[in-house]
$ cat work08.cif   # mmCIF, C-alpha atoms; chains and numbers go by the auth columns
data_model
loop_
_atom_site.group_PDB
_atom_site.id
_atom_site.type_symbol
_atom_site.label_atom_id
_atom_site.label_comp_id
_atom_site.label_asym_id
_atom_site.label_seq_id
_atom_site.Cartn_x
_atom_site.Cartn_y
_atom_site.Cartn_z
_atom_site.B_iso_or_equiv
_atom_site.auth_seq_id
_atom_site.auth_asym_id
ATOM 1 C CA MET A 1 -7.454 -20.033 7.300 0.00 39 A
ATOM 2 C CA SER A 2 -9.219 -18.195 10.093 0.00 40 A
ATOM 3 C CA VAL A 3 -9.206 -18.204 13.876 0.00 41 A
ATOM 4 C CA LYS A 4 -12.045 -20.739 13.732 0.00 42 A
ATOM 5 C CA ASP A 5 -9.510 -23.244 12.353 0.00 43 A
ATOM 6 C CA ILE A 6 -7.148 -22.860 15.349 0.00 44 A
ATOM 7 C CA PRO A 7 -7.968 -25.392 18.073 0.00 45 A
ATOM 8 C CA ASN A 8 -8.952 -23.809 21.385 0.00 46 A
ATOM 9 C CA PHE A 9 -8.486 -20.285 20.014 0.00 47 A
ATOM 10 C CA GLU A 10 -11.439 -19.009 22.017 0.00 48 A
ATOM 11 C CA GLN A 11 -9.752 -20.166 25.216 0.00 49 A
ATOM 12 C CA LEU A 12 -6.547 -18.190 24.597 0.00 50 A
ATOM 13 C CA THR A 13 -5.939 -15.121 26.730 0.00 51 A
ATOM 14 C CA ASP A 14 -5.416 -11.763 25.076 0.00 52 A
ATOM 15 C CA LEU A 15 -1.675 -12.035 25.760 0.00 53 A
ATOM 16 C CA GLU A 16 -1.553 -15.489 24.158 0.00 54 A
ATOM 17 C CA ARG A 17 -3.441 -14.175 21.127 0.00 55 A
ATOM 18 C CA LEU A 18 -1.029 -11.270 20.820 0.00 56 A
ATOM 19 C CA GLY A 19 1.904 -13.673 21.083 0.00 57 A
ATOM 20 C CA LEU A 20 0.413 -15.809 18.330 0.00 58 A
ATOM 21 C CA ALA A 21 -0.067 -12.720 16.143 0.00 59 A
ATOM 22 C CA GLU A 22 3.554 -11.706 16.725 0.00 60 A
ATOM 23 C CA GLU A 23 4.771 -15.201 15.798 0.00 61 A
ATOM 24 C CA LEU A 24 2.692 -15.129 12.624 0.00 62 A
ATOM 25 C CA ALA A 25 4.005 -11.687 11.661 0.00 63 A
ATOM 26 C CA ALA A 26 7.596 -12.776 12.328 0.00 64 A
ATOM 27 C CA SER A 27 7.128 -15.829 10.114 0.00 65 A
ATOM 28 C CA VAL A 28 6.266 -13.860 6.966 0.00 66 A
ATOM 29 C CA ARG A 29 8.752 -15.051 4.358 0.00 67 A
ATOM 30 C CA HIS A 30 8.835 -12.003 2.059 0.00 68 A
ATOM 31 C CA PRO A 31 7.659 -8.917 3.968 0.00 69 A
ATOM 32 C CA GLU A 32 8.966 -6.622 1.234 0.00 70 A
ATOM 33 C CA ALA A 33 6.362 -8.122 -1.128 0.00 71 A
ATOM 34 C CA LEU A 34 3.467 -7.100 1.121 0.00 72 A
ATOM 35 C CA PRO A 35 1.540 -3.929 0.369 0.00 73 A
ATOM 36 C CA ALA A 36 2.041 -0.962 2.667 0.00 74 A
ATOM 37 C CA PRO A 37 -0.602 -0.678 5.383 0.00 75 A
ATOM 38 C CA VAL A 38 -3.561 1.494 4.390 0.00 76 A
ATOM 39 C CA ALA A 39 -2.782 3.995 7.164 0.00 77 A
ATOM 40 C CA HIS A 40 0.729 4.457 5.748 0.00 78 A
ATOM 41 C CA ARG A 41 -0.597 5.080 2.250 0.00 79 A
ATOM 42 C CA PHE A 42 -3.110 7.644 3.559 0.00 80 A
ATOM 43 C CA GLU A 43 -0.369 9.435 5.483 0.00 81 A
ATOM 44 C CA LEU A 44 1.875 9.518 2.404 0.00 82 A
ATOM 45 C CA GLU A 45 -0.962 10.875 0.268 0.00 83 A
ATOM 46 C CA LYS A 46 -1.718 13.542 2.882 0.00 84 A
ATOM 47 C CA ARG A 47 1.919 14.621 3.079 0.00 85 A
ATOM 48 C CA TRP A 48 2.329 14.631 -0.703 0.00 86 A
ATOM 49 C CA SER A 49 -0.804 16.792 -1.090 0.00 87 A
ATOM 50 C CA HIS A 50 0.563 19.196 1.532 0.00 88 A
ATOM 51 C CA TYR A 51 3.880 19.359 -0.316 0.00 89 A
ATOM 52 C CA GLU A 52 2.184 20.012 -3.662 0.00 90 A
ATOM 53 C CA LEU A 53 0.248 22.918 -2.137 0.00 91 A
ATOM 54 C CA ASN A 54 3.372 24.419 -0.584 0.00 92 A
ATOM 55 C CA PRO A 55 6.668 22.990 -1.923 0.00 93 A
ATOM 56 C CA SER A 56 8.679 25.642 -0.067 0.00 94 A
ATOM 57 C CA ALA A 57 7.618 24.033 3.228 0.00 95 A
ATOM 58 C CA ALA A 58 9.746 20.993 2.405 0.00 96 A
ATOM 59 C CA LEU A 59 13.086 20.563 4.132 0.00 97 A
ATOM 60 C CA SER A 60 16.344 19.955 2.322 0.00 98 A
ATOM 61 C CA GLN A 61 18.071 16.706 3.174 0.00 99 A
ATOM 62 C CA GLU A 62 20.565 18.637 5.303 0.00 100 A
ATOM 63 C CA GLN A 63 17.774 20.441 7.181 0.00 101 A
ATOM 64 C CA PHE A 64 15.995 17.153 7.754 0.00 102 A
ATOM 65 C CA TRP A 65 19.031 15.430 9.259 0.00 103 A
ATOM 66 C CA THR A 66 19.831 18.488 11.388 0.00 104 A
ATOM 67 C CA GLU A 67 16.325 18.313 12.857 0.00 105 A
ATOM 68 C CA VAL A 68 16.596 14.556 13.389 0.00 106 A
ATOM 69 C CA GLN A 69 19.886 15.002 15.241 0.00 107 A
ATOM 70 C CA ALA A 70 18.406 17.789 17.376 0.00 108 A
ATOM 71 C CA LEU A 71 15.443 15.571 18.295 0.00 109 A
ATOM 72 C CA LYS A 72 17.799 12.713 19.195 0.00 110 A
ATOM 73 C CA THR A 73 19.855 14.997 21.399 0.00 111 A
ATOM 74 C CA CYS A 74 16.766 16.487 23.036 0.00 112 A
ATOM 75 C CA GLY A 75 15.297 13.017 23.604 0.00 113 A
ATOM 76 C CA ALA A 76 18.498 11.766 25.241 0.00 114 A
ATOM 77 C CA ASN A 77 18.139 14.191 28.154 0.00 115 A
#
$ encode --input "work08.cif" --output "structure tokens"
Amino acid sequence: MSVKDIPNFEQLTDLERLGLAEELAASVRHPEALPAPVAHRFELEKRWSHYELNPSAALSQEQFWTEVQALKTCGAN
């Protein structure tokens, strides 16, 4: 199916089109079965490559959560 199959699609406003897209996305039955977006995969590959070049740059789980908490606290002000 394509937008050509939707009656009066060309007459929809941008906001109506966005609303339709949101409804379609919300209606996906098994989102966990969908592949990750390409941008996400590229970002993961970039970060993994960076880690492989310099494993010592990685944070421990404790360091990670400490930084997350600090960012939350800073963002709350």
$ atom_distance --input "work08.cif" --atom1 "atom CA of Arg85 of chain A" --atom2 "atom CA of Lys110 of chain A"
22.7 Å
$ atom_distance --input "work08.cif" --atom1 "atom CA of Met39 of chain A" --atom2 "atom CA of Arg55 of chain A"
15.5 Å
$ atom_distance --input "work08.cif" --atom1 "atom CA of Leu58 of chain A" --atom2 "atom CA of Val41 of chain A"
10.9 Å
$ closest_residue --input "work08.cif" --among "A:Ala59, A:Ala96, A:Val66, A:Cys112" --to "Phe47 of chain A" --atoms "only C-alpha atoms"
A:Ala59
